[in-house]
Structure formats: C-alpha cells, structure tokens
>>> print(open('start.pdb').read())   # PDB, C-alpha atoms, pLDDT in the B column
MODEL        1
ATOM      1  CA  MET A  63       0.000   0.000   0.000  1.00 65.00           C
ATOM      2  CA  LEU A  64       1.293   3.488  -0.869  1.00 66.00           C
ATOM      3  CA  PRO A  65       1.855   5.936   1.979  1.00 68.00           C
ATOM      4  CA  THR A  66      -0.497   8.912   1.940  1.00 67.00           C
ATOM      5  CA  PRO A  67       0.972  12.399   2.366  1.00 64.00           C
ATOM      6  CA  LYS A  68       0.306  14.142   5.650  1.00 68.00           C
ATOM      7  CA  THR A  69      -2.078  16.982   4.831  1.00 70.00           C
ATOM      8  CA  SER A  70      -1.451  18.516   8.242  1.00 77.00           C
ATOM      9  CA  ARG A  71       2.133  19.238   7.127  1.00 80.00           C
ATOM     10  CA  PHE A  72       1.447  19.984   3.487  1.00 86.00           C
ATOM     11  CA  LEU A  73      -1.379  22.514   3.843  1.00 89.00           C
ATOM     12  CA  PRO A  74       0.493  25.127   5.961  1.00 90.00           C
ATOM     13  CA  PHE A  75       3.500  24.884   3.642  1.00 93.00           C
ATOM     14  CA  LEU A  76       1.237  25.400   0.622  1.00 93.00           C
ATOM     15  CA  LEU A  77      -0.494  28.405   2.220  1.00 93.00           C
ATOM     16  CA  VAL A  78       2.826  30.050   3.099  1.00 94.00           C
ATOM     17  CA  ALA A  79       4.176  29.426  -0.399  1.00 96.00           C
ATOM     18  CA  LEU A  80       1.054  30.937  -1.981  1.00 95.00           C
ATOM     19  CA  ALA A  81       1.210  33.950   0.342  1.00 94.00           C
ATOM     20  CA  LEU A  82       4.869  34.570  -0.508  1.00 96.00           C
ATOM     21  CA  PHE A  83       4.118  34.219  -4.209  1.00 96.00           C
ATOM     22  CA  PHE A  84       1.245  36.732  -3.868  1.00 95.00           C
ATOM     23  CA  ILE A  85       3.472  39.174  -1.949  1.00 95.00           C
ATOM     24  CA  VAL A  86       6.253  38.975  -4.541  1.00 97.00           C
ATOM     25  CA  ARG A  87       3.996  39.175  -7.596  1.00 97.00           C
ATOM     26  CA  GLN A  88       1.522  41.816  -6.380  1.00 97.00           C
ATOM     27  CA  PRO A  89       2.886  43.639  -3.336  1.00 96.00           C
ATOM     28  CA  GLU A  90       0.329  46.471  -3.403  1.00 97.00           C
ATOM     29  CA  LYS A  91      -2.618  44.076  -3.472  1.00 96.00           C
ATOM     30  CA  ALA A  92      -0.997  41.979  -0.751  1.00 96.00           C
ATOM     31  CA  ALA A  93      -0.610  45.071   1.424  1.00 96.00           C
ATOM     32  CA  ASN A  94      -4.261  45.984   0.853  1.00 97.00           C
ATOM     33  CA  VAL A  95      -5.353  42.470   1.810  1.00 95.00           C
ATOM     34  CA  ALA A  96      -3.193  42.560   4.955  1.00 95.00           C
ATOM     35  CA  THR A  97      -4.568  45.979   5.913  1.00 98.00           C
ATOM     36  CA  GLY A  98      -8.130  44.798   5.384  1.00 98.00           C
ATOM     37  CA  ALA A  99      -7.525  41.680   7.459  1.00 97.00           C
ATOM     38  CA  MET A 100      -6.041  43.710  10.309  1.00 98.00           C
ATOM     39  CA  ASN A 101      -8.959  46.158  10.199  1.00 98.00           C
ATOM     40  CA  GLY A 102     -11.357  43.220  10.364  1.00 98.00           C
ATOM     41  CA  LEU A 103      -9.534  41.726  13.342  1.00 98.00           C
ATOM     42  CA  MET A 104      -9.551  45.089  15.109  1.00 98.00           C
ATOM     43  CA  THR A 105     -13.300  45.402  14.509  1.00 98.00           C
ATOM     44  CA  VAL A 106     -13.896  41.957  16.006  1.00 98.00           C
ATOM     45  CA  ALA A 107     -11.650  42.730  18.988  1.00 98.00           C
ATOM     46  CA  ASP A 108     -13.455  46.027  19.597  1.00 98.00           C
ATOM     47  CA  ALA A 109     -16.829  44.277  19.447  1.00 98.00           C
ATOM     48  CA  LEU A 110     -15.657  41.657  21.959  1.00 97.00           C
ATOM     49  CA  VAL A 111     -14.413  44.364  24.353  1.00 97.00           C
ATOM     50  CA  THR A 112     -17.717  46.211  24.051  1.00 97.00           C
ATOM     51  CA  PHE A 113     -19.617  42.975  24.708  1.00 97.00           C
ATOM     52  CA  ALA A 114     -17.481  42.098  27.723  1.00 96.00           C
ATOM     53  CA  GLY A 115     -17.910  45.617  29.100  1.00 95.00           C
ATOM     54  CA  ALA A 116     -21.679  45.405  28.717  1.00 96.00           C
ATOM     55  CA  LEU A 117     -21.784  42.203  30.783  1.00 94.00           C
ATOM     56  CA  GLY A 118     -20.743  44.366  33.695  1.00 77.00           C
TER
ENDMDL
END
>>> encode(input="start.pdb", output="structure tokens")
Amino acid sequence: MLPTPKTSRFLPFLLVALALFFIVRQPEKAANVATGAMNGLMTVADALVTFAGALG
C-alpha cells in the first residue's frame, strides 16, 4: 500500500508558499489584503471588548 501524504504538514506549507508568491507578484494588493484583514480583526476585537464591558 502506498503511503499517503500528511495533509497537516502539506497545507500550511502550501499556504505560506502561496502567500509569498502573492506578496512577490503583487505587493500592493498583498498590502491591501493585509490591511483589510487587520482592520477586520480590530473590529472583532473592539466588538468583543464592548460585549465584555456590557456584561458588567
């Protein structure tokens, strides 16, 4: 029987490789995506702080 590749090791490597390729090929778009992701995370964090503060 042939050994199957470990997807738990392959998937993160593939995602990092694709991200690096995207950064090298289109740095402005990559920066916009990163900025948008950070803004989204900040919005979620702010909502969680507001929720926790309202629990009182």
>>> atom_distance(input="start.pdb", atom1="CA of Arg71 (chain A)", atom2="CA of Gly102 (chain A)")
27.7 Å
>>> axis_aligned_box(input="start.pdb", around="region 91-106 of chain A", padding_each_side="4 Å", output="JSON")
{"center_x": -7.3, "center_y": 43.9, "center_z": 6.3, "size_x": 21.3, "size_y": 12.5, "size_z": 27.5}
>>> atom_distance(input="start.pdb", atom1="CA of Gly98 (chain A)", atom2="CA of Phe84 (chain A)")
15.4 Å
>>> closest_residue(input="start.pdb", among="A:Met100, A:Ala92, A:Ala107, A:Gly118", to="Leu80 (chain A)", atoms="only C-alpha atoms")
A:Ala92
>>> atom_distance(input="start.pdb", atom1="CA of Ala93 (chain A)", atom2="CA of Val78 (chain A)")
15.5 Å
>>> decode(input="start.pdb", residues="region 67-79 of chain A", atoms="all heavy atoms", output="PDB file, in the first residue's frame")
ATOM      1  N   PRO A  67       0.285  11.211   1.826  1.00  0.00           N
ATOM      2  CA  PRO A  67       0.972  12.399   2.366  1.00  0.00           C
ATOM      3  C   PRO A  67       0.200  12.977   3.544  1.00  0.00           C
ATOM      4  O   PRO A  67      -1.028  12.905   3.606  1.00  0.00           O
ATOM      5  CB  PRO A  67       0.997  13.364   1.188  1.00  0.00           C
ATOM      6  CG  PRO A  67      -0.093  12.920   0.294  1.00  0.00           C
ATOM      7  CD  PRO A  67      -0.244  11.436   0.497  1.00  0.00           C
ATOM      8  N   LYS A  68       0.925  13.508   4.492  1.00  0.00           N
ATOM      9  CA  LYS A  68       0.306  14.142   5.650  1.00  0.00           C
ATOM     10  C   LYS A  68      -0.203  15.526   5.249  1.00  0.00           C
ATOM     11  O   LYS A  68       0.574  16.431   4.970  1.00  0.00           O
ATOM     12  CB  LYS A  68       1.318  14.284   6.777  1.00  0.00           C
ATOM     13  CG  LYS A  68       1.824  12.982   7.299  1.00  0.00           C
ATOM     14  CD  LYS A  68       0.969  12.535   8.421  1.00  0.00           C
ATOM     15  CE  LYS A  68       1.574  11.293   9.038  1.00  0.00           C
ATOM     16  NZ  LYS A  68       0.733  10.718  10.015  1.00  0.00           N
ATOM     17  N   THR A  69      -1.520  15.680   5.206  1.00  0.00           N
ATOM     18  CA  THR A  69      -2.078  16.982   4.831  1.00  0.00           C
ATOM     19  C   THR A  69      -1.847  18.003   5.924  1.00  0.00           C
ATOM     20  O   THR A  69      -1.811  19.195   5.654  1.00  0.00           O
ATOM     21  CB  THR A  69      -3.580  16.868   4.531  1.00  0.00           C
ATOM     22  OG1 THR A  69      -4.249  16.310   5.664  1.00  0.00           O
ATOM     23  CG2 THR A  69      -3.829  16.003   3.319  1.00  0.00           C
ATOM     24  N   SER A  70      -1.682  17.561   7.162  1.00  0.00           N
ATOM     25  CA  SER A  70      -1.451  18.516   8.242  1.00  0.00           C
ATOM     26  C   SER A  70      -0.095  19.213   8.088  1.00  0.00           C
ATOM     27  O   SER A  70       0.088  20.302   8.609  1.00  0.00           O
ATOM     28  CB  SER A  70      -1.527  17.815   9.591  1.00  0.00           C
ATOM     29  OG  SER A  70      -0.535  16.816   9.690  1.00  0.00           O
ATOM     30  N   ARG A  71       0.844  18.607   7.378  1.00  0.00           N
ATOM     31  CA  ARG A  71       2.133  19.238   7.127  1.00  0.00           C
ATOM     32  C   ARG A  71       2.150  19.955   5.785  1.00  0.00           C
ATOM     33  O   ARG A  71       2.841  20.946   5.622  1.00  0.00           O
ATOM     34  CB  ARG A  71       3.244  18.198   7.136  1.00  0.00           C
ATOM     35  CG  ARG A  71       3.482  17.592   8.475  1.00  0.00           C
ATOM     36  CD  ARG A  71       4.625  16.624   8.413  1.00  0.00           C
ATOM     37  NE  ARG A  71       4.753  15.915   9.670  1.00  0.00           N
ATOM     38  CZ  ARG A  71       5.558  14.903   9.860  1.00  0.00           C
ATOM     39  NH1 ARG A  71       6.320  14.477   8.877  1.00  0.00           N
ATOM     40  NH2 ARG A  71       5.617  14.317  11.026  1.00  0.00           N
ATOM     41  N   PHE A  72       1.419  19.448   4.843  1.00  0.00           N
ATOM     42  CA  PHE A  72       1.447  19.984   3.487  1.00  0.00           C
ATOM     43  C   PHE A  72       0.650  21.280   3.367  1.00  0.00           C
ATOM     44  O   PHE A  72       1.087  22.219   2.703  1.00  0.00           O
ATOM     45  CB  PHE A  72       0.907  18.937   2.509  1.00  0.00           C
ATOM     46  CG  PHE A  72       0.875  19.400   1.091  1.00  0.00           C
ATOM     47  CD1 PHE A  72       2.050  19.586   0.386  1.00  0.00           C
ATOM     48  CD2 PHE A  72      -0.327  19.658   0.450  1.00  0.00           C
ATOM     49  CE1 PHE A  72       2.038  20.019  -0.924  1.00  0.00           C
ATOM     50  CE2 PHE A  72      -0.355  20.095  -0.858  1.00  0.00           C
ATOM     51  CZ  PHE A  72       0.830  20.270  -1.548  1.00  0.00           C
ATOM     52  N   LEU A  73      -0.495  21.359   3.993  1.00  0.00           N
ATOM     53  CA  LEU A  73      -1.379  22.514   3.843  1.00  0.00           C
ATOM     54  C   LEU A  73      -0.745  23.816   4.345  1.00  0.00           C
ATOM     55  O   LEU A  73      -0.763  24.813   3.616  1.00  0.00           O
ATOM     56  CB  LEU A  73      -2.721  22.258   4.524  1.00  0.00           C
ATOM     57  CG  LEU A  73      -3.807  23.275   4.272  1.00  0.00           C
ATOM     58  CD1 LEU A  73      -4.099  23.421   2.788  1.00  0.00           C
ATOM     59  CD2 LEU A  73      -5.067  22.883   5.015  1.00  0.00           C
ATOM     60  N   PRO A  74      -0.154  23.861   5.544  1.00  0.00           N
ATOM     61  CA  PRO A  74       0.493  25.127   5.961  1.00  0.00           C
ATOM     62  C   PRO A  74       1.637  25.541   5.036  1.00  0.00           C
ATOM     63  O   PRO A  74       1.791  26.727   4.745  1.00  0.00           O
ATOM     64  CB  PRO A  74       1.022  24.822   7.363  1.00  0.00           C
ATOM     65  CG  PRO A  74       0.202  23.698   7.841  1.00  0.00           C
ATOM     66  CD  PRO A  74      -0.154  22.893   6.633  1.00  0.00           C
ATOM     67  N   PHE A  75       2.412  24.575   4.567  1.00  0.00           N
ATOM     68  CA  PHE A  75       3.500  24.884   3.642  1.00  0.00           C
ATOM     69  C   PHE A  75       2.939  25.473   2.353  1.00  0.00           C
ATOM     70  O   PHE A  75       3.463  26.457   1.829  1.00  0.00           O
ATOM     71  CB  PHE A  75       4.307  23.613   3.330  1.00  0.00           C
ATOM     72  CG  PHE A  75       5.359  23.822   2.282  1.00  0.00           C
ATOM     73  CD1 PHE A  75       6.528  24.501   2.584  1.00  0.00           C
ATOM     74  CD2 PHE A  75       5.168  23.367   0.994  1.00  0.00           C
ATOM     75  CE1 PHE A  75       7.503  24.703   1.623  1.00  0.00           C
ATOM     76  CE2 PHE A  75       6.138  23.572   0.020  1.00  0.00           C
ATOM     77  CZ  PHE A  75       7.301  24.243   0.336  1.00  0.00           C
ATOM     78  N   LEU A  76       1.864  24.904   1.841  1.00  0.00           N
ATOM     79  CA  LEU A  76       1.237  25.400   0.622  1.00  0.00           C
ATOM     80  C   LEU A  76       0.696  26.811   0.821  1.00  0.00           C
ATOM     81  O   LEU A  76       0.876  27.675  -0.043  1.00  0.00           O
ATOM     82  CB  LEU A  76       0.111  24.458   0.180  1.00  0.00           C
ATOM     83  CG  LEU A  76      -0.638  24.850  -1.081  1.00  0.00           C
ATOM     84  CD1 LEU A  76       0.289  24.840  -2.288  1.00  0.00           C
ATOM     85  CD2 LEU A  76      -1.815  23.912  -1.300  1.00  0.00           C
ATOM     86  N   LEU A  77       0.054  27.076   1.952  1.00  0.00           N
ATOM     87  CA  LEU A  77      -0.494  28.405   2.220  1.00  0.00           C
ATOM     88  C   LEU A  77       0.615  29.458   2.327  1.00  0.00           C
ATOM     89  O   LEU A  77       0.468  30.566   1.807  1.00  0.00           O
ATOM     90  CB  LEU A  77      -1.341  28.383   3.490  1.00  0.00           C
ATOM     91  CG  LEU A  77      -2.650  27.597   3.394  1.00  0.00           C
ATOM     92  CD1 LEU A  77      -3.356  27.570   4.744  1.00  0.00           C
ATOM     93  CD2 LEU A  77      -3.557  28.180   2.332  1.00  0.00           C
ATOM     94  N   VAL A  78       1.707  29.112   2.987  1.00  0.00           N
ATOM     95  CA  VAL A  78       2.826  30.050   3.099  1.00  0.00           C
ATOM     96  C   VAL A  78       3.443  30.311   1.731  1.00  0.00           C
ATOM     97  O   VAL A  78       3.764  31.457   1.387  1.00  0.00           O
ATOM     98  CB  VAL A  78       3.880  29.523   4.099  1.00  0.00           C
ATOM     99  CG1 VAL A  78       5.166  30.332   4.031  1.00  0.00           C
ATOM    100  CG2 VAL A  78       3.319  29.544   5.505  1.00  0.00           C
ATOM    101  N   ALA A  79       3.604  29.263   0.939  1.00  0.00           N
ATOM    102  CA  ALA A  79       4.176  29.426  -0.399  1.00  0.00           C
ATOM    103  C   ALA A  79       3.284  30.310  -1.265  1.00  0.00           C
ATOM    104  O   ALA A  79       3.779  31.194  -1.980  1.00  0.00           O
ATOM    105  CB  ALA A  79       4.370  28.061  -1.051  1.00  0.00           C
TER     106      ALA A  79
END
